[in-house]
$ cat protein13.txt   # compact mmCIF, C-alpha atoms
# COMPACT_ATOMS: atom_id res chain seq x y z
CA ALA V 21 -33.53 126.96 -11.76
CA GLY V 22 -37.03 128.37 -11.27
CA GLY V 23 -40.28 127.94 -13.13
CA LEU V 24 -43.90 129.07 -13.35
CA ALA V 25 -45.46 129.79 -9.93
CA ILE V 26 -49.15 129.39 -9.26
CA TYR V 27 -49.72 133.12 -9.00
CA GLY V 28 -48.21 133.57 -12.43
CA GLY V 29 -50.60 130.95 -13.75
CA VAL V 30 -53.57 132.64 -12.09
CA ILE V 31 -52.65 136.05 -13.47
CA ALA V 32 -52.08 134.63 -16.96
CA ALA V 33 -55.42 132.83 -16.79
CA GLY V 34 -57.14 136.05 -15.74
CA ILE V 35 -55.63 138.05 -18.60
CA THR V 36 -56.54 135.34 -21.11
CA ALA V 37 -60.10 135.22 -19.80
CA TRP V 38 -60.40 139.01 -20.03
CA ILE V 39 -59.29 139.02 -23.67
CA PHE V 40 -61.67 136.16 -24.46
CA CYS V 41 -64.64 137.89 -22.78
CA LYS V 42 -63.82 141.18 -24.49
CA LYS V 43 -63.81 139.49 -27.88
CA LYS V 44 -66.93 137.38 -27.27
CA LYS V 45 -68.74 140.20 -25.40
CA LEU V 46 -69.22 138.08 -22.27
CA ASN V 47 -69.56 139.18 -18.67
CA PHE V 48 -65.98 138.95 -17.37
CA PRO V 49 -66.75 138.58 -13.62
CA GLN V 50 -69.43 135.98 -14.36
CA VAL V 51 -67.00 133.92 -16.45
CA LEU V 52 -64.39 134.09 -13.67
CA ASP V 53 -66.99 132.95 -11.13
CA THR V 54 -67.60 129.87 -13.23
CA ALA V 55 -63.99 129.13 -14.10
CA PHE V 56 -62.34 129.54 -10.71
CA ILE V 57 -64.55 126.99 -8.97
CA GLY V 58 -62.96 124.38 -11.20
CA MET V 59 -59.57 126.01 -10.86
CA VAL V 60 -59.44 125.76 -7.07
CA LEU V 61 -60.38 122.09 -7.29
CA GLY V 62 -57.58 121.63 -9.82
CA GLN V 63 -55.17 123.32 -7.41
CA SER V 64 -56.26 120.97 -4.66
CA THR V 65 -55.51 117.87 -6.72
CA GLY V 66 -52.49 119.35 -8.46
CA ARG V 67 -50.64 119.91 -5.19
CA TRP V 68 -50.19 116.17 -4.88
CA SER V 69 -47.64 116.37 -7.66
CA ASN V 70 -45.42 118.12 -5.09
CA PHE V 71 -45.64 114.96 -3.02
CA VAL V 72 -44.62 112.82 -6.00
CA ASN V 73 -41.71 115.14 -6.82
CA MET V 74 -40.78 115.56 -3.13
CA GLU V 75 -40.78 119.33 -3.39
CA CYS V 76 -42.45 122.45 -1.95
CA PHE V 77 -42.26 121.12 1.59
CA GLY V 78 -41.97 123.00 4.85
CA GLY V 79 -39.46 123.20 7.65
CA TYR V 80 -38.96 120.73 10.45
CA THR V 81 -41.95 119.59 12.47
CA ASP V 82 -42.82 116.73 14.77
CA ASN V 83 -46.59 117.18 14.63
CA LEU V 84 -49.07 114.47 13.76
CA LEU V 85 -48.86 115.21 10.03
CA ALA V 86 -45.06 115.30 9.82
CA MET V 87 -43.65 113.70 6.66
CA ARG V 88 -40.22 112.15 6.11
CA LEU V 89 -38.38 112.51 2.81
CA ASN V 90 -35.29 110.72 1.52
CA LEU V 91 -32.58 113.37 1.71
CA ALA V 92 -30.76 112.01 -1.32
CA LYS V 93 -33.87 112.51 -3.52
CA VAL V 94 -34.81 116.10 -2.65
CA ASN V 95 -33.47 119.34 -4.07
CA SER V 96 -30.64 120.39 -1.81
CA SER V 97 -31.59 124.07 -2.17
CA MET V 98 -34.80 123.33 -0.27
CA VAL V 99 -33.05 121.71 2.69
CA THR V 100 -32.35 124.05 5.60
CA ALA V 101 -29.71 123.73 8.27
CA GLU V 102 -32.38 122.84 10.81
CA LEU V 103 -33.61 119.97 8.65
CA LEU V 104 -30.06 118.62 8.32
CA GLU V 105 -29.49 118.98 12.03
CA LYS V 106 -32.61 117.02 12.88
CA ALA V 107 -32.32 114.45 10.09
CA VAL V 108 -32.71 110.80 11.05
CA THR V 109 -31.06 107.72 9.58
CA ALA V 110 -32.78 104.37 9.22
CA ASP V 111 -31.34 101.34 7.43
CA GLY V 112 -28.57 103.47 6.04
CA VAL V 113 -30.98 106.04 4.52
CA THR V 114 -31.08 109.62 5.80
CA TYR V 115 -34.48 111.28 6.08
CA ILE V 116 -35.57 114.81 6.79
CA GLN V 117 -38.82 115.39 8.66
CA VAL V 118 -40.89 118.24 7.25
CA HIS V 119 -44.24 120.01 7.17
CA PRO V 120 -46.32 118.46 4.33
CA THR V 121 -47.25 121.88 2.98
CA PHE V 122 -48.58 120.33 -0.20
CA PHE V 123 -51.14 118.49 1.93
CA TYR V 124 -52.04 121.63 3.90
CA GLU V 125 -52.70 123.56 0.71
CA SER V 126 -54.56 120.67 -0.92
CA MET V 127 -56.95 120.41 2.01
CA TRP V 128 -57.25 124.19 2.26
CA ASN V 129 -58.22 124.43 -1.40
CA LEU V 130 -60.64 121.55 -1.09
CA CYS V 131 -62.43 123.33 1.77
CA LEU V 132 -62.40 126.53 -0.26
CA PHE V 133 -63.91 124.64 -3.20
CA ILE V 134 -66.78 123.40 -1.02
CA ILE V 135 -67.41 126.90 0.37
CA LEU V 136 -67.48 128.41 -3.11
CA LEU V 137 -69.94 125.76 -4.27
CA LEU V 138 -72.26 126.57 -1.36
CA VAL V 139 -72.00 130.31 -1.96
CA THR V 140 -72.71 129.84 -5.67
CA ARG V 141 -76.23 128.64 -4.86
CA LYS V 142 -76.97 132.01 -3.24
CA LYS V 143 -74.64 134.26 -5.21
CA ARG V 144 -75.70 137.90 -5.01
CA PHE V 145 -73.54 139.54 -7.67
CA HIS V 146 -71.25 138.59 -10.53
CA GLY V 147 -67.65 138.47 -9.31
CA GLN V 148 -68.54 137.29 -5.80
CA ILE V 149 -66.96 133.86 -6.31
CA ILE V 150 -63.66 135.11 -7.73
CA LEU V 151 -63.33 137.68 -4.93
CA LEU V 152 -63.99 135.01 -2.30
CA TYR V 153 -61.44 132.79 -4.02
CA LEU V 154 -58.78 135.52 -3.93
CA MET V 155 -59.44 136.19 -0.25
CA GLY V 156 -59.60 132.52 0.71
CA TYR V 157 -56.60 131.39 -1.29
CA GLY V 158 -54.61 134.48 -0.36
CA ALA V 159 -55.12 133.85 3.36
CA GLY V 160 -54.21 130.18 3.10
CA ARG V 161 -51.20 130.75 0.86
CA PHE V 162 -49.84 133.44 3.21
CA TRP V 163 -49.88 130.97 6.10
CA ILE V 164 -48.53 128.02 4.14
CA GLU V 165 -45.85 130.05 2.39
CA GLY V 166 -44.45 130.97 5.79
CA LEU V 167 -43.78 127.26 6.44
CA ARG V 168 -42.05 126.44 3.16
CA THR V 169 -38.30 126.29 2.73
CA ASP V 170 -38.22 127.24 -0.97
CA GLN V 171 -39.47 130.78 -0.60
CA LEU V 172 -38.53 133.33 -3.23
CA LYS V 173 -37.51 136.40 -1.23
CA ILE V 174 -37.57 140.08 -2.15
CA GLY V 175 -33.94 141.08 -2.63
CA HIS V 176 -31.92 140.43 0.49
CA THR V 177 -34.93 140.59 2.79
CA ASN V 178 -36.71 137.77 4.55
CA VAL V 179 -40.02 138.74 2.96
CA ALA V 180 -41.42 136.11 0.61
CA ILE V 181 -42.82 137.41 -2.67
CA SER V 182 -45.75 135.00 -2.51
CA GLN V 183 -46.72 136.33 0.90
CA VAL V 184 -46.66 139.91 -0.38
CA VAL V 185 -48.79 138.92 -3.37
CA SER V 186 -51.17 137.10 -1.03
CA VAL V 187 -51.62 140.16 1.17
CA VAL V 188 -52.15 142.47 -1.82
CA LEU V 189 -54.69 140.14 -3.43
CA PHE V 190 -56.51 139.57 -0.15
CA ALA V 191 -56.73 143.29 0.62
CA ALA V 192 -57.80 144.25 -2.90
CA ALA V 193 -60.40 141.48 -3.03
CA LEU V 194 -61.74 142.45 0.40
CA VAL V 195 -62.16 146.11 -0.59
CA LEU V 196 -63.89 145.16 -3.84
CA TYR V 197 -66.09 142.62 -2.05
CA VAL V 198 -67.27 145.12 0.57
CA ALA V 199 -67.94 147.75 -2.10
CA ALA V 200 -69.83 145.26 -4.28
CA MET V 201 -71.91 144.04 -1.34
CA LYS V 202 -72.88 147.61 -0.41
CA LYS V 203 -73.87 148.30 -4.00
CA THR V 204 -75.80 145.05 -4.18
CA LYS V 205 -77.62 145.73 -0.91
CA ALA V 206 -78.59 149.20 -2.12
CA ALA V 207 -79.89 147.76 -5.39
CA GLU V 208 -81.78 145.03 -3.53
CA GLU V 209 -83.40 147.62 -1.24
CA ILE V 210 -84.49 149.71 -4.23
CA LEU V 211 -85.85 146.62 -5.94
CA ALA V 212 -87.65 145.53 -2.75
CA ARG V 213 -89.30 148.95 -2.41
CA ALA V 214 -90.30 148.94 -6.06
CA GLU V 215 -91.78 145.46 -5.72
CA ALA V 216 -93.65 146.48 -2.56
CA GLU V 217 -95.09 149.56 -4.28
CA ALA V 218 -96.04 147.54 -7.34
CA THR V 219 -97.66 144.91 -5.15
CA GLU V 220 -99.61 147.54 -3.24
CA LYS V 221 -100.79 149.19 -6.47
CA LEU V 222 -101.77 145.83 -7.90
CA LYS V 223 -103.61 144.97 -4.70
CA GLY V 224 -105.53 148.26 -4.84
CA HIS V 225 -106.37 147.73 -8.51
CA VAL V 226 -107.62 144.22 -7.82
CA GLU V 227 -109.75 145.50 -4.94
CA GLU V 228 -111.24 148.17 -7.21
CA ILE V 229 -112.09 145.54 -9.83
CA ILE V 230 -113.66 143.31 -7.19
CA GLU V 231 -115.69 146.21 -5.77
CA GLU V 232 -116.84 147.24 -9.24
CA ASP V 233 -117.88 143.68 -10.01
CA ARG V 234 -119.72 143.50 -6.70
CA ARG V 235 -121.66 146.71 -7.45
CA ARG V 236 -122.41 145.52 -10.97
CA ASN V 237 -123.68 142.20 -9.64
CA GLU V 238 -125.83 143.92 -7.02
CA ALA V 239 -127.31 146.19 -9.68
CA GLU V 240 -128.02 143.21 -11.90
CA VAL V 241 -129.66 141.36 -9.02
CA ASP V 242 -131.82 144.41 -8.22
CA ARG V 243 -132.89 144.72 -11.86
CA MET V 244 -133.77 141.05 -12.08
CA THR V 245 -135.65 141.30 -8.79
CA ARG V 246 -137.70 144.26 -10.03
CA GLU V 247 -138.44 142.49 -13.28
CA GLN V 248 -139.49 139.39 -11.38
CA GLU V 249 -141.76 141.45 -9.13
CA ALA V 250 -143.26 143.22 -12.15
CA MET V 251 -143.89 139.92 -13.85
CA GLU V 252 -145.52 138.53 -10.74
CA GLU V 253 -147.76 141.61 -10.41
CA ALA V 254 -148.71 141.35 -14.09
CA ALA V 255 -149.48 137.69 -13.70
CA GLN V 256 -151.60 138.39 -10.64
CA ALA V 257 -153.48 141.15 -12.44
CA ALA V 258 -154.07 138.86 -15.40
CA GLU V 259 -155.39 136.18 -13.10
CA GLU V 260 -157.78 138.59 -11.41
CA ALA V 261 -158.98 139.84 -14.79
CA ARG V 262 -159.54 136.30 -15.94
CA LYS V 263 -161.60 135.54 -12.85
CA GLU V 264 -163.68 138.65 -13.35
CA LEU V 265 -164.33 137.69 -16.95
CA GLU V 266 -165.36 134.23 -15.85
CA GLU V 267 -167.70 135.71 -13.24
CA ALA V 268 -169.17 138.10 -15.81
CA SER V 269 -169.78 135.31 -18.29
CA GLU V 270 -171.63 133.33 -15.64
CA ARG V 271 -174.33 136.10 -15.28
CA PRO V 272 -176.66 135.57 -18.36
CA GLU V 273 -179.56 137.53 -16.90
CA GLU V 274 -177.75 140.81 -17.33
CA GLY V 275 -178.37 142.75 -20.52
CA PRO V 276 -175.97 143.08 -23.35
CA ALA V 277 -175.24 146.70 -22.58
CA GLN V 278 -174.51 145.93 -18.98
CA GLU V 279 -172.32 142.99 -20.02
CA GLU V 280 -170.39 145.17 -22.43
CA VAL V 281 -169.87 147.73 -19.70
CA SER V 282 -168.65 145.08 -17.31
CA VAL V 283 -166.26 143.74 -19.91
CA GLY V 284 -165.02 147.24 -20.69
CA GLN V 285 -164.49 147.96 -17.01
CA THR V 286 -162.64 144.71 -16.59
CA GLU V 287 -160.36 145.49 -19.51
CA ASN V 288 -159.66 148.96 -18.13
CA LEU V 289 -158.96 147.48 -14.74
CA PHE V 290 -156.55 144.97 -16.28
CA LEU V 291 -154.74 147.68 -18.24
CA CYS V 292 -154.41 149.90 -15.19
CA ARG V 293 -152.99 147.11 -13.07
CA ALA V 294 -150.62 146.01 -15.81
$ encode --input "protein13.txt" --output "C-alpha cells"
Amino acid sequence: AGGLAIYGGVIAAGITAWIFCKKKKLNFPQVLDTAFIGMVLGQSTGRWSNFVNMECFGGYTDNLLAMRLNLAKVNSSMVTAELLEKAVTADGVTYIQVHPTFFYESMWNLCLFIILLLVTRKKRFHGQIILLYLMGYGAGRFWIEGLRTDQLKIGHTNVAISQVVSVVLFAAALVLYVAAMKKTKAAEEILARAEAEATEKLKGHVEEIIEEDRRRNEAEVDRMTREQEAMEEAAQAAEEARKELEEASERPEEGPAQEEVSVGQTENLFLCRA
C-alpha cells in the first residue's frame, strides 16, 4: 500500500533542520554535518528491520551472500517471475533465493559512516560532511536500487524513482562540493599569504628590536668602560699625588716657602691630572 521512503525522511529532516536553524540562528550546514553522521549510522542499523520483515530484497542470485526467504511470508508484490521460477522447496516449504539488499545497504552505510568520521577530523568547510553523505549514499542507493524488486517506477517506464533521486542528489552534491572546495582553497591561499606577510613583518620587527637592544647595550658598555678608565686614571693620579706629598713631607731641611711651593705644585699637578 506504500509508505514513507528513506528519501522522504531525509528531505523532511532537512527541512525541519533548516527551520530550526533559522529560528535559533544556527549555521545550517554545520548542523547538518553533525546530524547526518548519526543519521547514516542509524540507516545502517535500521536496514536490518528489512531482514526481520522479509522485505526490500533483490532479485535472484546464487552468489556467496544469497539469502533464502519463505515464500509464504513475503509480500507477493515483491516476488518476480524469475524468483518463482527458481524457487526451491525443502521439507514442504518453498523458498525464494534473493540478493540481501538490506545487508548491502547496511554495510555500505557503515563504511560511509567510518569515512565521514575520518573526514570530520580534517573538515575544511561547513557542509562538507552532508555533501559527502549525499554523494556516498546516492551512489550506493543507485546501485542497490537496481537490484531490488520493489522499485517504484516513473509512470510506465522502467526507471526507478529512487535511482533518479540518487543521480540528482549525487550530481547536485558534487557540483556544490567542487565549488565549495575551490572557494575554500582560495580562502586558504589568501590566509596563508596573509600569515606569511604577518610573520615576515613580525620577524623584521623582532630583528629591529634585537638590533636596537644590541646597540643600546654596546653604548652602555662603552660608557661604563670610559667611566672605569676615568676612575682608574683618577685613582692613579691620586696615588701619585699622595706619594709626592709623602716625599715632600720627608724633606725637613727645605724652607717653609719652598715646602709651600712644592705643596702648591703638587696640588696643581693633581688637579690637572684629575
$ residues_near_point --input "protein13.txt" --point "(-41.1, 115.3, 9.9)" --cutoff "10 Å" --atoms "only C-alpha atoms" --output "number ranges by chain"
V: 78-89, 103, 106-108, 115-120
$ atom_distance --input "protein13.txt" --atom1 "CA of Glu125 in chain V" --atom2 "CA of Tyr157 in chain V"
9.0 Å
$ closest_residue --input "protein13.txt" --among "V:Phe190, V:Trp163, V:Phe133, V:Tyr197" --to "Thr65 in chain V" --atoms "all atoms listed in the file"
V:Phe133
$ closest_residue --input "protein13.txt" --among "V:Val198, V:Ala159, V:Val179, V:Leu130" --to "Phe145 in chain V" --atoms "all atoms listed in the file"
V:Val198
$ closest_atom_pairs --input "protein13.txt" --of "range 191-287 of chain V" --to "range 180-187 of chain V" --cutoff "12 Å" --atoms "all atoms listed in the file" --output "JSON lines"
{"residue": "V:Ala191", "atom": "CA", "partner": "V:Val187", "partner_atom": "CA", "distance": 6.0}
{"residue": "V:Ala192", "atom": "CA", "partner": "V:Val187", "partner_atom": "CA", "distance": 8.5}
{"residue": "V:Ala193", "atom": "CA", "partner": "V:Val187", "partner_atom": "CA", "distance": 9.8}
{"residue": "V:Leu194", "atom": "CA", "partner": "V:Val187", "partner_atom": "CA", "distance": 10.4}
$ closest_residue --input "protein13.txt" --among "V:Lys142, V:Ser97, V:Glu267, V:Asn129" --to "Gly156 in chain V" --atoms "all atoms listed in the file"
V:Asn129
$ residues_around --input "protein13.txt" --residues "Met98 in chain V" --least-positions-apart "5" --cutoff "9 Å" --atoms "all atoms listed in the file" --output "number ranges by chain"
V: 75-78, 168-171
$ write_last_selection --input "protein13.txt" --atoms "C-alpha atoms" --output "PDB file, in the coordinates of the input"
ATOM      1  CA  GLU V  75     -40.780 119.330  -3.390  1.00  0.00           C
ATOM      2  CA  CYS V  76     -42.450 122.450  -1.950  1.00  0.00           C
ATOM      3  CA  PHE V  77     -42.260 121.120   1.590  1.00  0.00           C
ATOM      4  CA  GLY V  78     -41.970 123.000   4.850  1.00  0.00           C
ATOM      5  CA  ARG V 168     -42.050 126.440   3.160  1.00  0.00           C
ATOM      6  CA  THR V 169     -38.300 126.290   2.730  1.00  0.00           C
ATOM      7  CA  ASP V 170     -38.220 127.240  -0.970  1.00  0.00           C
ATOM      8  CA  GLN V 171     -39.470 130.780  -0.600  1.00  0.00           C
TER       9      GLN V 171
END
$ closest_residue --input "protein13.txt" --among "V:His176, V:Lys45, V:Lys263, V:Arg161" --to "Leu189 in chain V" --atoms "all atoms listed in the file"
V:Arg161
$ residues_around --input "protein13.txt" --residues "Ile57 in chain V" --least-positions-apart "2" --cutoff "10 Å" --atoms "all atoms listed in the file" --output "list in words"
Leu52, Asp53, Thr54, Ala55, Met59, Val60, Leu61, Gly62, Leu132, Phe133, Ile134, Ile135, Leu136, Leu137, Thr140, Ile149, Ile150 and Tyr153 of chain V
$ atom_distance --input "protein13.txt" --atom1 "CA of Phe71 in chain V" --atom2 "CA of Tyr124 in chain V"
11.5 Å
$ closest_residue --input "protein13.txt" --among "V:Ala92, V:Asn47, V:Gly58, V:Glu264" --to "Gly112 in chain V" --atoms "all atoms listed in the file"
V:Ala92
$ atom_distance --input "protein13.txt" --atom1 "CA of Val241 in chain V" --atom2 "CA of Ala258 in chain V"
25.4 Å
